[in-house]
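S.K.: I have a structure I would like to understand better, so I am pasting it below and will then ask my questions one at a time.
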Amino acid sequence: MSDNEHLMRFNKGFKDLNLSKARYKVVLGSAGSGKSVNVAQDYILKLSDPANIGANLLVVRATESSNASSTFAELVGAVDRANLRFDWVIRSSPAHMVNKRTGCEVFFRGCNDARAIERIKSITVKKGKLTWIWVEEATEIKQADFEILDDRLRGQLPNDNLYYQITLTFNPINAEHWIKKTLWDLAPVNPDIFISHSTYLQNKFIDDAYLARMERRKLADPEGYRVYGLGEWGNTGSNILSNYKLDSCTKDWSWYDSVVLSQDFGFNHANCLLAVGYKDDVMYVIQELYEFEKHTGELIEDARKKDWPDAVMYCDSAEPDRIKEWKQAGYKAVGVVKDKGCIKGQIDYLKQRLIVIDPSCVSTYKEIQQWRWKKDKQGNILDEPLEVEDDAMAALRYATEPYRRCHRLRTLPKALFGLR
């Protein structure tokens, strides 16, 4: 073990994972299991090792910007924990890292549209080959994108110590996901696939507050706890929606029949603002702003950094003061009418049409996969949604209001939604 490795904190349960040279490492785990921290630390040590000269790493999220607060931060943190900052040249915009002693580089990319895929295909390393790929939150990417990534790892390697490898890290939200069918389930008969399962209970560095939070979730949301606490594949039997897909959505607002904004207010839980378009009875979730622990003024400043349509914003009517602040900032904010049966009506409306979610809307896509009905003590499904991590889903429900109440989507004038 190197001196730098001694400076890092590794969970023993990841030892075999870090030693594996299988082409595909499928790293499934609960929230808080330490899997992403481990992967980041392992890559920094390998890229800093002269024995691996010629190796280069590509780090992928569904959207390139998502790397900044996740994979990039994890890798930089690993550099600092190993006391290797002097050996690395680190650039944050655009994100890039290179080790001065080995010449090994780290590239950060997204794969949410054709342009992003072209940026992956156009990567040129200065020394050696692109040898390793780390896909964080791998359930966010499509199988076709995975195949493109896999195809990048080919050719004669310049160093006998090197090998091609893709590492996928994720929470197992959906048992119907392509990763389970094409990789996880085939691992017992395919030596090219190494699987790793971990939970927060095995993470010796977890804090007491997080342990208490997970215990609360175990009581409030047993099914969600099985996924995010125990790292088990999610059962879709009680899921509310299945009529959605991940695909690029144009930000040419004039292309849609109509566009609305919708917002669910939050602070300790997420505050979610969505831009939702409608065309030919299809809903398009085009853009999201999903933030924790921010006051309204801060959220308005964040919103101004993005291009939002000049459209009516349907908000949680329980927060009139916040609605007033958004109005004063120039947004067409109005409260959603909450009457008996409105939630069920909103859900019924959502079930009747295809919902297309842009890959940049990471939190919306994550929530929709785990949005479930409540169950009683006997396990019977109730006609009421579970109110756990459903902030984007609340905003999505609010976006149905002008349509479901009018019942005639295609005859609504664009002016009603602030469009010209």
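We label chains A, B, ... in the order they appear in the structure tokens, count residues from 1 in each chain, and number ligands from 1 in the order shown.
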I need the strand (DSSP E) residues of range 41-206 of chain A per DSSP on the backbone, written as a PyMOL selection string.
M.R.: chain A and resi 57-60+88-92+95-99+105-109+132-136+165-170+193-198
S.K.: Could you turn the residues from that selection into a file that holds N, CA and C atoms, as a tab-separated table (two decimals), in the first residue's frame?
M.R.:
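Contents of out.tsv, freshly written:
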```
chain	number	residue	atom	x	y	z
A	57	LEU	N	-8.81	8.69	-18.20
A	57	LEU	CA	-10.15	8.43	-17.68
A	57	LEU	C	-11.16	9.40	-18.28
A	58	LEU	N	-12.30	8.86	-18.70
A	58	LEU	CA	-13.45	9.68	-19.11
A	58	LEU	C	-14.53	9.50	-18.06
A	59	VAL	N	-15.04	10.61	-17.52
A	59	VAL	CA	-16.10	10.59	-16.52
A	59	VAL	C	-17.38	11.12	-17.16
A	60	VAL	N	-18.47	10.37	-17.01
A	60	VAL	CA	-19.70	10.69	-17.73
A	60	VAL	C	-20.87	10.79	-16.77
A	88	TRP	N	-1.05	17.50	-9.58
A	88	TRP	CA	-2.17	17.59	-10.52
A	88	TRP	C	-2.40	19.02	-10.99
A	89	VAL	N	-2.69	19.15	-12.28
A	89	VAL	CA	-3.18	20.42	-12.84
A	89	VAL	C	-4.70	20.25	-12.98
A	90	ILE	N	-5.45	21.09	-12.27
A	90	ILE	CA	-6.91	20.94	-12.21
A	90	ILE	C	-7.57	22.21	-12.74
A	91	ARG	N	-8.42	22.03	-13.75
A	91	ARG	CA	-9.15	23.15	-14.33
A	91	ARG	C	-10.63	22.89	-14.15
A	92	SER	N	-11.35	23.89	-13.66
A	92	SER	CA	-12.77	23.68	-13.36
A	92	SER	C	-13.70	24.02	-14.52
A	95	ALA	N	-14.13	21.47	-17.16
A	95	ALA	CA	-13.49	20.57	-16.21
A	95	ALA	C	-12.48	19.66	-16.91
A	96	HIS	N	-11.29	19.60	-16.34
A	96	HIS	CA	-10.24	18.75	-16.88
A	96	HIS	C	-9.16	18.59	-15.82
A	97	MET	N	-8.55	17.42	-15.75
A	97	MET	CA	-7.48	17.16	-14.80
A	97	MET	C	-6.36	16.42	-15.51
A	98	VAL	N	-5.11	16.70	-15.13
A	98	VAL	CA	-3.98	15.97	-15.68
A	98	VAL	C	-2.91	15.84	-14.61
A	99	ASN	N	-2.35	14.65	-14.49
A	99	ASN	CA	-1.27	14.42	-13.54
A	99	ASN	C	0.06	14.80	-14.18
A	105	GLU	N	-4.73	11.84	-18.01
A	105	GLU	CA	-5.74	12.89	-18.04
A	105	GLU	C	-7.10	12.38	-17.59
A	106	VAL	N	-7.94	13.31	-17.12
A	106	VAL	CA	-9.33	13.02	-16.80
A	106	VAL	C	-10.21	13.99	-17.58
A	107	PHE	N	-11.14	13.44	-18.35
A	107	PHE	CA	-12.08	14.23	-19.15
A	107	PHE	C	-13.49	14.08	-18.55
A	108	PHE	N	-14.29	15.13	-18.67
A	108	PHE	CA	-15.66	15.10	-18.15
A	108	PHE	C	-16.63	15.42	-19.29
A	109	ARG	N	-17.63	14.56	-19.46
A	109	ARG	CA	-18.57	14.75	-20.56
A	109	ARG	C	-19.99	14.38	-20.14
A	132	TRP	N	-10.18	4.01	-19.34
A	132	TRP	CA	-11.19	3.81	-18.31
A	132	TRP	C	-12.32	4.82	-18.46
A	133	ILE	N	-13.53	4.36	-18.21
A	133	ILE	CA	-14.71	5.23	-18.21
A	133	ILE	C	-15.47	5.01	-16.91
A	134	TRP	N	-15.83	6.10	-16.27
A	134	TRP	CA	-16.67	6.04	-15.06
A	134	TRP	C	-17.99	6.74	-15.38
A	135	VAL	N	-19.09	6.00	-15.32
A	135	VAL	CA	-20.42	6.57	-15.53
A	135	VAL	C	-21.11	6.66	-14.17
A	136	GLU	N	-21.25	7.86	-13.67
A	136	GLU	CA	-21.91	8.10	-12.39
A	136	GLU	C	-23.41	8.29	-12.61
A	165	GLN	N	-11.81	-0.62	-19.24
A	165	GLN	CA	-12.80	-0.87	-18.20
A	165	GLN	C	-13.82	0.27	-18.12
A	166	ILE	N	-15.08	-0.12	-17.94
A	166	ILE	CA	-16.16	0.85	-17.69
A	166	ILE	C	-16.73	0.56	-16.30
A	167	THR	N	-16.80	1.58	-15.48
A	167	THR	CA	-17.39	1.46	-14.14
A	167	THR	C	-18.70	2.21	-14.10
A	168	LEU	N	-19.78	1.52	-13.71
A	168	LEU	CA	-21.10	2.13	-13.59
A	168	LEU	C	-21.46	2.20	-12.11
A	169	THR	N	-21.75	3.40	-11.60
A	169	THR	CA	-22.19	3.55	-10.21
A	169	THR	C	-23.61	4.11	-10.19
A	170	PHE	N	-24.45	3.55	-9.33
A	170	PHE	CA	-25.86	3.96	-9.33
A	170	PHE	C	-26.62	3.37	-8.15
A	193	ILE	N	-17.86	-9.26	-16.42
A	193	ILE	CA	-18.70	-8.39	-15.59
A	193	ILE	C	-18.41	-8.65	-14.11
A	194	PHE	N	-18.02	-7.61	-13.40
A	194	PHE	CA	-17.82	-7.69	-11.95
A	194	PHE	C	-18.91	-6.88	-11.28
A	195	ILE	N	-19.63	-7.45	-10.34
A	195	ILE	CA	-20.69	-6.72	-9.66
A	195	ILE	C	-20.31	-6.45	-8.21
A	196	SER	N	-20.72	-5.29	-7.74
A	196	SER	CA	-20.47	-4.87	-6.36
A	196	SER	C	-21.76	-4.36	-5.76
A	197	HIS	N	-22.08	-4.82	-4.57
A	197	HIS	CA	-23.27	-4.36	-3.85
A	197	HIS	C	-22.84	-3.83	-2.50
A	198	SER	N	-23.29	-2.62	-2.15
A	198	SER	CA	-22.90	-2.02	-0.87
A	198	SER	C	-24.06	-1.20	-0.31
```
S.K.: I want to know what sits within 6 Å of Leu274 in chain A, based on only C-alpha atoms, with residues of the same chain fewer than 6 positions away left out; could you give that as number ranges by chain?
M.R.: A: 261-262, 287-288
S.K.: Leaving out Ala31 in chain A and any residue of its chain fewer than 3 positions from it, which residues lie within 10 Å of it when counting only C-alpha atoms, given as a tab-separated table (two decimals) with N, CA and C atoms, in the first residue's frame?
M.R.:
```tsv
chain	number	residue	atom	x	y	z
A	28	LEU	N	-23.45	-1.22	-7.73
A	28	LEU	CA	-24.80	-0.90	-7.25
A	28	LEU	C	-24.73	-0.71	-5.74
A	34	GLY	N	-20.88	4.97	0.09
A	34	GLY	CA	-19.48	5.35	-0.14
A	34	GLY	C	-18.93	4.86	-1.47
A	35	LYS	N	-19.80	4.35	-2.34
A	35	LYS	CA	-19.32	3.77	-3.61
A	35	LYS	C	-18.65	4.80	-4.51
A	36	SER	N	-19.23	6.00	-4.61
A	36	SER	CA	-18.66	7.01	-5.50
A	36	SER	C	-17.37	7.58	-4.95
A	170	PHE	N	-24.45	3.55	-9.33
A	170	PHE	CA	-25.86	3.96	-9.33
A	170	PHE	C	-26.62	3.37	-8.15
A	171	ASN	N	-27.81	3.96	-7.90
A	171	ASN	CA	-28.81	3.38	-7.00
A	171	ASN	C	-29.76	2.55	-7.86
A	172	PRO	N	-30.13	1.36	-7.43
A	172	PRO	CA	-30.93	0.46	-8.28
A	172	PRO	C	-32.42	0.80	-8.25
A	198	SER	N	-23.29	-2.62	-2.15
A	198	SER	CA	-22.90	-2.02	-0.87
A	198	SER	C	-24.06	-1.20	-0.31
A	199	THR	N	-24.06	-1.02	1.01
A	199	THR	CA	-25.09	-0.21	1.66
A	199	THR	C	-24.43	0.75	2.65
A	200	TYR	N	-25.21	1.71	3.10
A	200	TYR	CA	-24.70	2.68	4.07
A	200	TYR	C	-24.32	2.01	5.38
A	214	MET	N	-31.86	7.71	7.78
A	214	MET	CA	-32.24	6.47	7.11
A	214	MET	C	-33.19	5.63	7.96
A	225	TYR	N	-36.85	2.63	1.15
A	225	TYR	CA	-35.71	2.25	1.98
A	225	TYR	C	-35.01	1.03	1.40
A	227	VAL	N	-34.56	0.38	-1.64
A	227	VAL	CA	-33.70	0.84	-2.74
A	227	VAL	C	-32.57	1.71	-2.21
A	228	TYR	N	-32.91	2.77	-1.46
A	228	TYR	CA	-31.92	3.76	-1.05
A	228	TYR	C	-31.24	3.43	0.27
A	229	GLY	N	-31.79	2.47	1.01
A	229	GLY	CA	-31.16	2.06	2.26
A	229	GLY	C	-30.45	0.73	2.15
A	230	LEU	N	-31.06	-0.22	1.44
A	230	LEU	CA	-30.49	-1.56	1.33
A	230	LEU	C	-29.90	-1.84	-0.04
A	231	GLY	N	-30.09	-0.92	-1.00
A	231	GLY	CA	-29.50	-1.11	-2.31
A	231	GLY	C	-30.08	-2.26	-3.08
```
S.K.: So what do you get for CA of Leu273 in chain A versus CA of Met313 in chain A, distance-wise?
M.R.: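 Distance between the two atoms: 8.9 Å.
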S.K.: Neighbours of Phe292 in chain A within 12 Å (only C-alpha atoms; same-chain residues fewer than 3 positions away dropped), as a PyMOL selection string?
M.R.: chain A and resi 264-273+289+295-296+298-299+363+389+391
S.K.: Skip Lys127 in chain A itself and residues of its chain fewer than 2 positions away, then list as a ChimeraX atom specification all residues within 8 Å of it, counting only C-alpha atoms.
M.R.: /A:54-55,103-104,125,129
S.K.: Write out as a PyMOL selection string each polymer residue whose atoms come within 10 Å of range 317-325 of chain A, counting only C-alpha atoms; drop sequence neighbours fewer than 3 positions from it.
M.R.: chain A and resi 263-266+295-297+300+313-314+328-338
S.K.: Write out, as a PDB file, in the first residue's frame, the residues just selected, with C-alpha atoms.
M.R.:
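Contents of out-v8.pdb, as written:
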```
ATOM      1  CA  GLN A 263     -43.151  25.215  -9.079  1.00  0.00           C
ATOM      2  CA  ASP A 264     -43.303  23.271  -5.828  1.00  0.00           C
ATOM      3  CA  PHE A 265     -41.848  25.303  -2.975  1.00  0.00           C
ATOM      4  CA  GLY A 266     -39.349  23.839  -0.535  1.00  0.00           C
ATOM      5  CA  HIS A 295     -34.554  31.289   0.011  1.00  0.00           C
ATOM      6  CA  THR A 296     -36.846  32.717  -2.660  1.00  0.00           C
ATOM      7  CA  GLY A 297     -34.474  35.544  -3.561  1.00  0.00           C
ATOM      8  CA  ILE A 300     -34.970  33.853  -8.388  1.00  0.00           C
ATOM      9  CA  MET A 313     -46.038  29.806 -13.517  1.00  0.00           C
ATOM     10  CA  TYR A 314     -48.378  27.486 -11.581  1.00  0.00           C
ATOM     11  CA  GLN A 328     -42.575  41.074  -7.952  1.00  0.00           C
ATOM     12  CA  ALA A 329     -39.567  39.608  -9.761  1.00  0.00           C
ATOM     13  CA  GLY A 330     -41.517  39.729 -13.023  1.00  0.00           C
ATOM     14  CA  TYR A 331     -42.786  36.145 -13.276  1.00  0.00           C
ATOM     15  CA  LYS A 332     -46.436  35.294 -13.972  1.00  0.00           C
ATOM     16  CA  ALA A 333     -46.838  33.276 -10.785  1.00  0.00           C
ATOM     17  CA  VAL A 334     -50.288  32.059  -9.736  1.00  0.00           C
ATOM     18  CA  GLY A 335     -51.466  29.594  -7.112  1.00  0.00           C
ATOM     19  CA  VAL A 336     -52.900  26.227  -8.121  1.00  0.00           C
ATOM     20  CA  VAL A 337     -56.487  25.678  -6.996  1.00  0.00           C
ATOM     21  CA  LYS A 338     -56.500  22.802  -4.539  1.00  0.00           C
TER      22      LYS A 338
END
```
S.K.: What does the distance between CA of Tyr365 in chain A and CA of Arg61 in chain A come to in Å, to one decimal place?
M.R.: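 CA of Tyr365 in chain A sits 13.4 Å away from CA of Arg61 in chain A.
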S.K.: CA of Asn67 in chain A and CA of Val37 in chain A, how far apart in Å?
M.R.: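 Rounded to one decimal, the two atoms are 13.8 Å apart.
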S.K.: Write out as a tab-separated table (two decimals) with N, CA and C atoms, in the first residue's frame each polymer residue whose atoms come within 12 Å of Asp383 in chain A, counting only C-alpha atoms; drop sequence neighbours fewer than 3 positions from it.
M.R.:
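As written to disk, out_24.tsv reads:
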```
chain	number	residue	atom	x	y	z
A	238	SER	N	-45.81	-0.86	-7.65
A	238	SER	CA	-46.63	0.20	-7.06
A	238	SER	C	-46.27	1.57	-7.62
A	239	ASN	N	-45.49	1.60	-8.69
A	239	ASN	CA	-45.13	2.88	-9.30
A	239	ASN	C	-46.37	3.54	-9.91
A	240	ILE	N	-46.42	4.85	-9.81
A	240	ILE	CA	-47.58	5.58	-10.29
A	240	ILE	C	-47.57	5.73	-11.81
A	341	GLY	N	-60.02	15.98	-4.54
A	341	GLY	CA	-59.76	15.12	-5.69
A	341	GLY	C	-58.81	15.68	-6.71
A	343	ILE	N	-55.51	16.08	-6.66
A	343	ILE	CA	-54.28	15.30	-6.85
A	343	ILE	C	-54.56	14.08	-7.72
A	344	LYS	N	-55.65	13.39	-7.43
A	344	LYS	CA	-56.01	12.23	-8.25
A	344	LYS	C	-56.30	12.65	-9.69
A	345	GLY	N	-56.97	13.79	-9.84
A	345	GLY	CA	-57.25	14.30	-11.18
A	345	GLY	C	-55.99	14.63	-11.94
A	347	ILE	N	-53.01	13.29	-11.45
A	347	ILE	CA	-52.34	12.02	-11.77
A	347	ILE	C	-53.04	11.32	-12.93
A	348	ASP	N	-54.36	11.32	-12.92
A	348	ASP	CA	-55.11	10.71	-14.02
A	348	ASP	C	-54.76	11.37	-15.35
A	372	ARG	N	-44.39	6.46	-6.12
A	372	ARG	CA	-45.18	5.27	-5.84
A	372	ARG	C	-46.44	5.60	-5.06
A	373	TRP	N	-47.38	4.66	-5.11
A	373	TRP	CA	-48.58	4.74	-4.28
A	373	TRP	C	-48.26	4.31	-2.85
A	374	LYS	N	-48.97	4.85	-1.91
A	374	LYS	CA	-48.86	4.40	-0.53
A	374	LYS	C	-49.40	2.98	-0.40
A	375	LYS	N	-48.94	2.28	0.64
A	375	LYS	CA	-49.46	0.96	0.96
A	375	LYS	C	-49.92	0.94	2.42
A	376	ASP	N	-50.94	0.13	2.71
A	376	ASP	CA	-51.37	-0.01	4.09
A	376	ASP	C	-50.49	-1.04	4.80
A	380	ASN	N	-51.31	-3.57	0.94
A	380	ASN	CA	-52.25	-3.25	-0.14
A	380	ASN	C	-51.99	-1.83	-0.64
A	386	LEU	N	-47.29	8.45	-2.31
A	386	LEU	CA	-46.39	8.55	-1.18
A	386	LEU	C	-45.68	9.89	-1.24
```
S.K.: Could you tell me which of A:Ser70, A:Leu75, A:Asn56, A:Asn174 comes closest to Arg226 in chain A if we count only C-alpha atoms?
M.R.: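 Ranked by minimum distance to Arg226 in chain A, first place goes to A:Asn174.
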S.K.: So, counting only C-alpha atoms, which residue among A:Lys15, A:Lys306, A:Lys294, A:Lys25 is closest to Leu183 in chain A?
M.R.: A:Lys25
S.K.: Which of range 132-347 of chain A end up as helix (DSSP H, G or I) when DSSP is run on this backbone - answer as a PyMOL selection string?
M.R.: chain A and resi 138-140+143-152+178-184+187-189+200-202+208-220+222-228+236-238+253-255+296-304+320-328+342-347
S.K.: Closest to Pro191 in chain A among A:Arg23, A:Lys340, A:Lys100, A:His177, using only C-alpha atoms?
M.R.: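 The closest residue to Pro191 in chain A is A:Arg23.
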